[in-house]
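The file work32.cif contains mmCIF, C-alpha atoms:
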data_work
loop_
_atom_site.label_atom_id
_atom_site.label_comp_id
_atom_site.auth_asym_id
_atom_site.auth_seq_id
_atom_site.Cartn_x
_atom_site.Cartn_y
_atom_site.Cartn_z
CA MET N 1 4.83 41.24 16.46
CA THR N 2 2.57 39.44 14.01
CA GLU N 3 0.06 41.98 12.73
CA TYR N 4 2.30 43.47 10.07
CA VAL N 5 2.29 40.22 8.05
CA GLY N 6 -1.47 39.79 8.18
CA PHE N 7 -1.23 36.87 10.57
CA ALA N 8 -4.59 35.61 11.88
CA ARG N 9 -5.00 32.75 14.32
CA GLN N 10 -7.92 30.34 14.09
CA ALA N 11 -9.70 28.74 17.02
CA LEU N 12 -9.37 25.18 15.72
CA GLN N 13 -7.10 22.88 17.73
CA LEU N 14 -6.14 19.22 17.26
CA ARG N 15 -5.18 17.66 20.57
CA PRO N 16 -3.79 14.23 21.45
CA ASP N 17 -6.30 11.55 22.41
CA PRO N 18 -5.08 8.75 24.73
CA GLY N 19 -8.23 6.77 23.88
CA ARG N 20 -6.99 6.06 20.34
CA VAL N 21 -4.98 2.85 20.30
CA ILE N 22 -3.35 0.47 17.85
CA VAL N 23 -2.34 -3.18 18.25
CA ARG N 24 1.38 -3.95 18.28
CA PRO N 25 3.27 -7.25 18.59
CA PHE N 26 4.32 -8.18 22.12
CA LYS N 27 7.58 -10.08 22.41
CA PRO N 28 8.53 -11.72 25.71
CA THR N 29 11.71 -10.50 27.38
CA ILE N 30 15.15 -11.89 26.60
CA GLU N 31 15.68 -15.57 27.35
CA PRO N 32 18.30 -16.83 29.84
CA ARG N 33 21.86 -16.76 28.48
CA ASP N 34 22.35 -20.49 29.05
CA LEU N 35 19.31 -21.42 26.93
CA LYS N 36 20.13 -24.38 24.68
CA PRO N 37 18.77 -24.72 21.12
CA THR N 38 16.64 -27.63 22.27
CA ASP N 39 15.18 -25.76 25.26
CA LYS N 40 11.75 -24.22 25.13
CA THR N 41 11.51 -20.44 25.14
CA ARG N 42 9.11 -18.25 27.09
CA ALA N 43 6.97 -18.05 23.96
CA ASN N 44 6.80 -21.87 23.89
CA HIS N 45 5.75 -21.89 27.53
CA ILE N 46 2.90 -19.44 26.86
CA VAL N 47 1.69 -21.55 23.94
CA ASP N 48 1.88 -24.72 26.08
CA ARG N 49 -0.29 -23.10 28.76
CA VAL N 50 -2.91 -22.02 26.25
CA LEU N 51 -3.04 -25.45 24.64
CA ALA N 52 -3.45 -27.07 28.04
CA LEU N 53 -6.84 -25.40 28.40
CA ASP N 54 -9.83 -27.56 27.59
CA ALA N 55 -11.94 -26.48 24.63
CA GLU N 56 -14.69 -24.91 26.73
CA THR N 57 -12.26 -22.85 28.81
CA ALA N 58 -10.31 -21.72 25.74
CA GLU N 59 -13.50 -20.56 24.06
CA ALA N 60 -14.56 -18.70 27.20
CA GLN N 61 -11.16 -17.00 27.46
CA LEU N 62 -11.26 -15.87 23.82
CA SER N 63 -14.79 -14.56 24.25
CA ASP N 64 -13.66 -12.57 27.28
CA VAL N 65 -10.74 -11.04 25.34
CA LEU N 66 -13.02 -10.07 22.46
CA LEU N 67 -15.60 -8.62 24.85
CA ASN N 68 -12.94 -6.40 26.37
CA PHE N 69 -11.08 -5.33 23.23
CA GLU N 70 -13.06 -5.88 20.03
CA GLY N 71 -14.79 -2.50 20.19
CA ARG N 72 -11.41 -0.79 20.34
CA HIS N 73 -9.94 -2.26 17.14
CA LEU N 74 -10.77 -3.16 13.55
CA ALA N 75 -11.13 -6.89 12.68
CA LEU N 76 -9.51 -8.05 15.91
CA PRO N 77 -9.94 -11.84 15.35
CA LEU N 78 -8.09 -11.49 12.05
CA ILE N 79 -5.32 -9.60 13.82
CA PHE N 80 -5.04 -12.45 16.34
CA GLU N 81 -4.79 -14.99 13.54
CA ALA N 82 -2.17 -12.97 11.67
CA ARG N 83 -0.06 -12.68 14.82
CA ALA N 84 -0.24 -16.43 15.37
CA ALA N 85 0.68 -17.04 11.74
CA GLY N 86 3.88 -15.07 12.23
CA MET N 87 5.01 -17.13 15.21
CA ASN N 88 6.27 -20.21 13.42
CA LYS N 89 9.11 -20.86 15.87
CA ALA N 90 6.89 -20.87 18.95
CA LEU N 91 4.17 -22.92 17.30
CA ALA N 92 6.42 -25.39 15.43
CA PRO N 93 6.69 -28.00 18.24
CA HIS N 94 2.90 -28.38 18.20
CA ALA N 95 0.97 -30.33 15.62
CA ARG N 96 -2.40 -28.71 15.03
CA PHE N 97 -4.53 -25.93 16.43
CA SER N 98 -8.19 -25.11 16.37
CA LEU N 99 -9.23 -21.65 15.17
CA ILE N 100 -10.07 -20.68 18.75
CA GLN N 101 -6.64 -21.81 19.95
CA ARG N 102 -4.84 -19.86 17.22
CA GLN N 103 -6.76 -16.67 17.93
CA LEU N 104 -6.28 -17.01 21.67
CA ILE N 105 -2.55 -17.63 21.25
CA GLY N 106 -2.30 -14.59 18.99
CA SER N 107 -3.94 -12.43 21.65
CA TYR N 108 -1.20 -13.32 24.15
CA PHE N 109 1.47 -11.93 21.86
CA LEU N 110 -0.11 -8.53 21.22
CA LEU N 111 -0.47 -5.31 23.16
CA GLU N 112 -2.24 -1.99 22.81
CA ASN N 113 -0.26 1.17 22.16
CA SER N 114 -1.77 4.59 22.84
CA PHE N 115 0.12 6.13 19.95
CA GLU N 116 -1.00 9.76 20.42
CA SER N 117 -1.45 9.96 24.18
CA ALA N 118 1.25 12.63 24.67
CA ALA N 119 1.28 14.84 21.58
CA LEU N 120 -0.17 15.53 18.14
CA PHE N 121 2.03 18.07 16.46
CA ASN N 122 4.44 19.19 13.69
CA PRO N 123 1.87 19.15 10.86
CA SER N 124 2.25 19.40 7.10
CA ILE N 125 -0.58 20.12 4.68
CA VAL N 126 -1.22 19.24 1.01
CA LEU N 127 -4.11 19.32 -1.44
CA HIS N 128 -6.28 16.22 -1.24
CA PRO N 129 -5.92 14.04 -4.38
CA ASP N 130 -9.73 14.11 -4.69
CA GLN N 131 -11.15 17.63 -4.79
CA THR N 132 -14.77 16.45 -5.13
CA GLY N 133 -16.97 18.52 -2.84
CA ALA N 134 -14.39 21.24 -2.24
CA PRO N 135 -15.95 24.50 -0.97
CA PRO N 136 -16.31 27.39 -3.48
CA GLY N 137 -13.00 29.21 -3.75
CA GLY N 138 -11.42 26.69 -1.38
CA CYS N 139 -10.04 23.17 -1.44
CA ARG N 140 -9.94 19.81 0.27
CA ILE N 141 -6.78 19.03 2.22
CA ILE N 142 -4.85 16.24 3.88
CA LEU N 143 -2.92 16.92 7.05
CA SER N 144 -0.06 14.76 8.26
CA LEU N 145 0.76 14.84 11.96
CA ARG N 146 3.45 13.50 14.24
CA ALA N 147 1.84 11.53 17.06
CA VAL N 148 3.75 10.71 20.25
CA GLY N 149 2.69 8.11 22.78
CA GLU N 150 4.15 5.58 25.17
CA GLY N 151 7.95 5.69 25.44
CA HIS N 152 8.14 8.95 23.48
CA VAL N 153 7.83 6.94 20.25
CA SER N 154 6.68 8.99 17.24
CA SER N 155 4.41 7.74 14.47
CA LEU N 156 2.69 9.27 11.46
CA THR N 157 -1.06 9.86 11.32
CA PHE N 158 -3.43 11.79 9.06
CA ARG N 159 -6.56 13.94 8.94
CA SER N 160 -8.67 15.25 6.06
CA GLY N 161 -10.52 18.54 5.90
CA THR N 162 -11.30 21.66 3.89
CA VAL N 163 -10.10 25.22 3.47
CA ALA N 164 -12.96 27.63 2.74
CA GLY N 165 -12.71 30.54 0.34
CA ASP N 166 -12.00 32.87 3.27
CA GLY N 167 -9.18 30.66 4.56
CA LEU N 168 -11.11 29.06 7.41
CA VAL N 169 -9.87 25.51 8.05
CA SER N 170 -12.24 22.69 9.00
CA ILE N 171 -11.00 19.22 9.89
CA ASP N 172 -13.22 16.18 9.34
CA ALA N 173 -14.24 14.17 12.38
CA CYS N 174 -11.53 11.78 13.52
CA ASP N 175 -12.52 8.12 13.77
CA ARG N 176 -11.95 6.64 17.22
CA LEU N 177 -10.49 3.43 15.75
CA ALA N 178 -7.02 3.24 14.26
CA ALA N 179 -4.89 0.62 12.53
CA ILE N 180 -1.39 0.07 11.21
CA PRO N 181 -0.81 -0.93 7.56
CA HIS N 182 -0.14 -4.32 6.03
CA ILE N 183 3.46 -4.86 4.97
CA ILE N 184 3.20 -5.76 1.28
CA ASP N 185 6.93 -5.94 0.61
CA ARG N 186 10.05 -5.55 2.71
CA HIS N 187 13.61 -5.90 1.52
CA SER N 188 17.07 -4.92 2.67
CA ASP N 189 20.19 -4.03 0.72
CA ALA N 190 23.40 -2.12 1.31
CA ASP N 191 21.45 1.14 1.45
CA GLY N 192 19.03 0.01 4.17
CA GLU N 193 15.53 -1.39 4.42
CA THR N 194 12.73 -0.42 2.02
CA LEU N 195 9.04 -0.99 2.83
CA LEU N 196 5.85 -1.13 0.79
CA LEU N 197 2.80 -0.61 3.00
CA SER N 198 -0.93 -0.62 2.34
CA PHE N 199 -4.09 0.28 4.24
CA ASP N 200 -7.66 -0.77 3.60
CA ALA N 201 -8.86 1.87 1.13
CA ALA N 202 -12.37 1.66 2.54
CA ARG N 203 -11.20 2.93 5.91
CA ASP N 204 -11.21 6.63 6.80
CA ILE N 205 -7.86 8.36 6.44
CA SER N 206 -7.88 9.28 10.14
CA GLN N 207 -7.69 5.55 10.97
CA ARG N 208 -4.33 5.15 9.20
CA VAL N 209 -1.25 5.13 11.42
CA ILE N 210 2.29 4.42 10.22
CA PHE N 211 4.12 3.17 13.29
CA PRO N 212 7.89 2.46 13.32
CA ILE N 213 8.75 -0.81 11.61
CA THR N 214 12.48 -0.96 10.84
CA LEU N 215 15.37 -0.77 13.30
CA THR N 216 16.32 2.70 12.07
CA GLN N 217 12.76 3.87 12.82
CA SER N 218 12.34 1.96 16.07
CA ASN N 219 12.05 5.03 18.30
CA GLY N 220 10.27 7.31 15.89
CA ILE N 221 9.04 8.47 12.51
CA GLU N 222 9.41 12.21 13.00
CA ASP N 223 8.37 15.41 11.22
CA ALA N 224 7.18 14.32 7.78
CA ARG N 225 7.28 17.23 5.32
CA PHE N 226 4.76 16.30 2.61
CA VAL N 227 4.66 18.05 -0.75
CA LYS N 228 2.65 17.41 -3.90
CA PHE N 229 5.35 16.70 -6.48
CA GLU N 230 4.54 17.30 -10.14
CA GLY N 231 6.25 17.29 -13.53
CA ASP N 232 8.04 13.95 -13.14
CA GLY N 233 5.35 11.54 -14.30
CA PRO N 234 1.95 11.39 -12.57
CA ALA N 235 1.53 13.70 -9.57
CA ARG N 236 2.51 12.06 -6.29
CA TYR N 237 3.04 13.04 -2.69
CA LEU N 238 6.55 12.88 -1.28
CA ALA N 239 7.75 13.52 2.24
CA THR N 240 11.11 13.46 3.91
CA TYR N 241 11.08 12.45 7.55
CA THR N 242 13.53 11.62 10.32
CA ALA N 243 13.90 8.00 11.34
CA TYR N 244 15.16 7.71 14.92
CA SER N 245 16.55 4.47 16.29
CA GLY N 246 16.98 5.71 19.85
CA ARG N 247 20.66 6.37 19.22
CA ALA N 248 20.98 7.68 15.69
CA ILE N 249 18.94 9.63 13.14
CA ALA N 250 18.54 9.01 9.42
CA SER N 251 16.64 10.84 6.70
CA GLU N 252 14.13 8.72 4.80
CA LEU N 253 11.55 9.32 2.07
CA ILE N 254 7.89 8.29 1.95
CA GLU N 255 5.95 8.22 -1.34
CA THR N 256 2.25 7.82 -2.09
CA SER N 257 -0.26 8.73 -4.77
CA ASP N 258 -3.42 8.05 -2.77
CA PHE N 259 -2.52 7.96 0.96
CA VAL N 260 -3.49 4.26 0.92
CA THR N 261 -0.28 2.66 -0.34
CA PHE N 262 3.08 4.01 0.82
CA ARG N 263 6.70 3.32 -0.03
CA MET N 264 9.35 4.12 2.58
CA THR N 265 12.99 4.32 1.47
CA PRO N 266 16.21 5.36 3.25
CA LEU N 267 18.03 8.34 1.74
CA GLN N 268 21.74 8.13 1.00
CA GLY N 269 24.56 10.64 0.68
CA SER N 270 26.39 13.10 2.89
CA ALA N 271 23.56 15.65 2.84
CA SER N 272 21.03 13.16 4.25
CA LYS N 273 22.76 12.70 7.60
CA ASN N 274 20.89 15.48 9.37
CA LYS N 275 17.28 16.39 10.13
CA GLY N 276 14.88 18.68 8.37
CA MET N 277 15.17 18.03 4.63
CA ALA N 278 12.35 19.34 2.40
CA LEU N 279 11.83 18.82 -1.33
CA PHE N 280 10.91 21.47 -3.85
CA PRO N 281 7.52 20.62 -5.45
CA ARG N 282 9.06 20.06 -8.90
CA LYS N 283 12.40 19.56 -10.60
CA LEU N 284 14.54 22.64 -11.24
CA ASP N 285 16.42 22.59 -14.54
CA GLY N 286 15.87 18.85 -14.77
CA ARG N 287 17.16 18.03 -11.28
CA TYR N 288 15.56 17.32 -7.94
CA ALA N 289 16.12 20.08 -5.39
CA MET N 290 16.03 20.08 -1.60
CA ILE N 291 16.44 22.47 1.28
CA GLY N 292 18.37 20.88 4.15
CA ARG N 293 20.46 21.63 7.21
CA GLN N 294 23.73 19.72 7.27
CA ASP N 295 25.59 21.46 10.07
CA ASN N 296 22.90 22.09 12.74
CA GLU N 297 22.99 25.85 12.06
CA ASN N 298 22.50 26.89 8.43
CA LEU N 299 20.17 26.10 5.54
CA TYR N 300 21.54 24.60 2.33
CA LEU N 301 20.27 24.23 -1.22
CA ILE N 302 21.01 20.76 -2.56
CA TYR N 303 20.54 19.33 -6.06
CA SER N 304 20.48 15.70 -7.13
CA ASP N 305 19.83 13.58 -10.20
CA ASP N 306 18.78 10.73 -7.90
CA LEU N 307 15.76 11.21 -5.64
CA TYR N 308 17.27 8.82 -3.09
CA ARG N 309 20.81 10.21 -2.89
CA TRP N 310 21.81 13.69 -1.73
CA ASP N 311 25.36 15.03 -1.50
CA GLY N 312 27.00 18.41 -1.15
CA GLY N 313 24.97 21.60 -1.13
CA THR N 314 25.40 25.35 -0.91
CA ALA N 315 24.68 27.34 2.25
CA ILE N 316 22.08 29.99 1.44
CA LEU N 317 20.71 31.11 4.83
CA ARG N 318 22.59 31.61 8.08
CA PRO N 319 21.41 32.86 11.48
CA ARG N 320 21.29 36.65 11.32
CA PHE N 321 18.71 37.96 13.78
CA PRO N 322 18.59 37.46 17.56
CA TRP N 323 15.52 35.20 17.45
CA GLU N 324 17.49 32.69 15.31
CA PHE N 325 21.05 33.00 16.66
CA VAL N 326 21.17 29.36 17.86
CA GLN N 327 20.11 27.81 14.55
CA ILE N 328 17.72 28.03 11.65
CA GLY N 329 15.88 25.28 9.78
CA ASN N 330 13.16 24.90 7.19
CA CYS N 331 9.47 24.60 8.01
CA GLY N 332 8.43 22.56 5.01
CA SER N 333 8.84 22.54 1.25
CA PRO N 334 9.28 25.86 -0.59
CA ILE N 335 6.03 27.28 -1.95
CA GLU N 336 6.10 28.54 -5.54
CA LEU N 337 4.84 32.11 -5.98
CA ALA N 338 4.96 34.57 -8.86
CA GLU N 339 7.54 36.52 -6.82
CA GLY N 340 9.81 33.54 -6.09
CA TRP N 341 10.03 30.57 -3.74
CA LEU N 342 8.56 31.25 -0.31
CA LEU N 343 10.53 29.36 2.33
CA LEU N 344 9.11 29.22 5.83
CA THR N 345 11.86 28.85 8.40
CA HIS N 346 12.20 28.25 12.09
CA GLY N 347 14.65 30.08 14.28
CA VAL N 348 15.91 29.14 17.72
CA GLY N 349 16.73 31.96 20.09
CA PRO N 350 17.39 32.52 23.80
CA MET N 351 16.01 29.94 26.22
CA ARG N 352 15.64 27.62 23.19
CA LYS N 353 12.61 29.55 22.01
CA TYR N 354 11.39 28.42 18.56
CA SER N 355 9.71 30.91 16.21
CA ILE N 356 8.55 30.73 12.58
CA GLY N 357 9.94 33.15 10.01
CA ALA N 358 10.18 33.38 6.23
CA ALA N 359 12.52 34.09 3.34
CA LEU N 360 12.01 34.54 -0.41
CA LEU N 361 14.28 32.75 -2.88
CA ASP N 362 14.82 33.76 -6.48
CA LYS N 363 12.56 31.70 -8.74
CA ALA N 364 15.18 31.03 -11.42
CA ASP N 365 18.10 30.62 -9.02
CA PRO N 366 16.91 29.67 -5.51
CA SER N 367 20.44 29.91 -4.18
CA ARG N 368 19.80 33.68 -4.25
CA VAL N 369 17.88 34.95 -1.23
CA ILE N 370 15.96 38.04 -2.35
CA GLY N 371 13.94 38.78 0.78
CA ARG N 372 13.84 37.91 4.45
CA LEU N 373 11.81 38.77 7.54
CA SER N 374 13.79 40.42 10.32
CA GLU N 375 11.15 39.41 12.87
CA PRO N 376 9.27 36.10 13.14
CA ILE N 377 5.76 35.65 11.82
CA VAL N 378 4.75 33.89 15.01
CA GLY N 379 6.43 32.79 18.21
CA PRO N 380 5.27 31.35 21.52
CA THR N 381 2.86 33.67 23.31
CA PRO N 382 1.96 33.67 27.01
CA THR N 383 -1.11 31.60 26.13
CA GLN N 384 0.73 29.30 23.70
CA ARG N 385 3.96 28.34 25.38
CA GLU N 386 3.08 25.52 27.79
CA GLY N 387 3.29 21.88 26.82
CA TYR N 388 5.46 18.82 26.39
CA VAL N 389 8.36 21.01 25.20
CA PRO N 390 7.67 24.64 26.20
CA ASN N 391 8.36 27.74 24.12
CA VAL N 392 8.13 26.09 20.70
CA VAL N 393 6.00 26.83 17.65
CA TYR N 394 6.79 24.67 14.63
CA THR N 395 5.38 23.51 11.32
CA CYS N 396 6.39 21.01 8.66
CA GLY N 397 4.59 22.69 5.78
CA ALA N 398 2.03 25.24 4.68
CA LEU N 399 -0.31 25.64 1.68
CA LEU N 400 -1.09 28.49 -0.72
CA SER N 401 -4.83 29.16 -1.10
CA GLY N 402 -5.72 32.29 -3.05
CA ASP N 403 -3.79 35.19 -1.54
CA ARG N 404 -3.35 33.42 1.80
CA ILE N 405 -0.86 30.99 3.25
CA ILE N 406 -2.68 28.34 5.28
CA LEU N 407 -0.38 27.61 8.19
CA PRO N 408 -0.96 24.62 10.47
CA TYR N 409 1.52 24.77 13.33
CA ALA N 410 2.28 23.00 16.57
CA VAL N 411 2.37 24.55 20.01
CA SER N 412 5.01 23.37 22.48
CA ASP N 413 5.25 19.90 20.89
CA THR N 414 1.77 19.14 22.22
CA PHE N 415 -1.11 20.14 19.96
CA THR N 416 -1.76 21.60 16.50
CA THR N 417 -3.58 24.78 15.60
CA PHE N 418 -4.04 26.89 12.48
CA ALA N 419 -3.53 30.41 11.15
CA THR N 420 -3.59 32.31 7.88
CA ILE N 421 -1.00 34.74 6.55
CA HIS N 422 -2.03 37.41 4.05
CA LEU N 423 0.54 36.89 1.31
CA PRO N 424 0.83 40.49 -0.03
CA ASP N 425 1.50 41.74 3.50
CA LEU N 426 4.10 39.03 4.05
CA ILE N 427 5.98 39.85 0.85
CA ALA N 428 5.81 43.59 1.56
CA ALA N 429 7.26 43.07 5.03
CA MET N 430 10.40 41.36 3.76
CA GLY N 431 13.63 43.29 3.85
CA PRO N 432 16.97 42.60 2.19
CA PRO N 433 18.53 39.19 2.80
#
Would you mind writing the structure in this file as structure tokens?
Amino acid sequence: MTEYVGFARQALQLRPDPGRVIVRPFKPTIEPRDLKPTDKTRANHIVDRVLALDAETAEAQLSDVLLNFEGRHLALPLIFEARAAGMNKALAPHARFSLIQRQLIGSYFLLENSFESAALFNPSIVLHPDQTGAPPGGCRIILSLRAVGEGHVSSLTFRSGTVAGDGLVSIDACDRLAAIPHIIDRHSDADGETLLLSFDAARDISQRVIFPITLTQSNGIEDARFVKFEGDGPARYLATYTAYSGRAIASELIETSDFVTFRMTPLQGSASKNKGMALFPRKLDGRYAMIGRQDNENLYLIYSDDLYRWDGGTAILRPRFPWEFVQIGNCGSPIELAEGWLLLTHGVGPMRKYSIGAALLDKADPSRVIGRLSEPIVGPTPTQREGYVPNVVYTCGALLSGDRIILPYAVSDTFTTFATIHLPDLIAAMGPP
């Protein structure tokens, strides 16, 4: 099924690691309904108990916490202090605290989260902003991944690596430690909540984890589709993703120039109410362009003068072949070729089997589909169908390197692997739309 498009699997796999943890705020459960404004809360009670310890016991307790947890996190005492600093209401009734008391109190209002214990999947891939040391004929890359851990909550994590001249992918060693970013700015308006986040630039990119922050994201930051966007000022990296609150979904946009500082903004407009939006890598005729799926079945081409608002759209691809009769969707941003815009798609067929296909859009008018595969490039095989969600292969973006498409893809919503597609074979295999 795959040989005719020059599809070649690689042995490399990225699997979830339950040993990687981040620190998250712990908030005691809801207070009794008859609690009066003057009554102490559970948080007050915890603080009271800590402050009742004599100095020697408090120091011993803090030492024990650090002995157990400091090797699992970056700058843990500072994290304790920051948590205490954000607890003004619980700490207000008390006059003064020693440094040991503040750090110990902070530790009682934190917990570990094994953010990638269940799955590491749905990757996208872009050129690294720093190509220093790239292999001859190859490039350095950054991979974004959807990590799933406790409570089926999704977060965003990263890896760096290289693509060799022959298409072989290597991923740099992943650091065991991980951390969430500092919130530099956070504001709300009628359109939602916008965040400005920053990591320590000295830390390895694999340590950076963007965990849900806002209410709209509270149950997941899902399926980021990163693309290097050029021609509209300095080059930057943009990604649409799905924010999931546990009840509703919303499309949002993340922006970065260096994968250190990130801006997260809700998208507005009728076309942003569904999953799976993906930006073109540049403006088309002076306008932003997006591929999206507004009706759970078909793919649409959408234009906008405003990067943060998307309305309307024209249906350009509908389910046509048996392997995609349930629905089709995009698998990342369109890739610009001499022949046109290569759009990787996913199709859902019988038994909710997900496969990856492709279409070619006209370069001058991408609403025109000029080629399409009648069979998928890759689907679940007997050896790649078991996992958290069986019978699914999926990607959120691929990369052109020479005459090959570098395809990272997920297997059964569990782990990520890699393949290459020989581009001339892929184009030759396309039939009429």
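Counting from CA of Asp305 (chain N), the distance to CA of Phe280 (chain N) is 13.5 Å.
Distances from N:Ile335, N:Glu324, N:Ile213, N:Ser367 to Tyr354 (chain N) were compared using only C-alpha atoms, and the smallest one belongs to N:Glu324.
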- request: Name the residues that the PyMOL selection byres ((chain N and resi 328) around 10) picks from the file above, as a PyMOL selection string, using the file's chain letters and numbers.
  value: chain N and resi 293+296-299+317-320+323-327+329-331+345-349+354-357
message: Using only C-alpha atoms, can you tell me which of N:Tyr388, N:Arg102, N:Arg24, N:Asp191 comes closest to Ala179 (chain N)?
response: N:Arg24
task: Between N:Gly71, N:Pro334, N:Gly387, N:Gly138, single out the one closest to Arg20 (chain N), counting only C-alpha atoms.
output: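 Using only C-alpha atoms, Arg20 (chain N) sits closest to N:Gly71.
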task: Spell out the residues picked by the PyMOL selection byres ((chain N and resi 253) around 12) here, as a PyMOL selection string.
output: chain N and resi 193-196+221-227+237-243+250-252+254-256+262-268+272+276-279+307-310
message: Measuring between all atoms listed in the file, which one of N:Ala55, N:Leu111, N:Ala147, N:Leu78 shows the shortest distance to Pro18 (chain N)?
response: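 With all atoms listed in the file as the atom set, the closest residue is N:Ala147.
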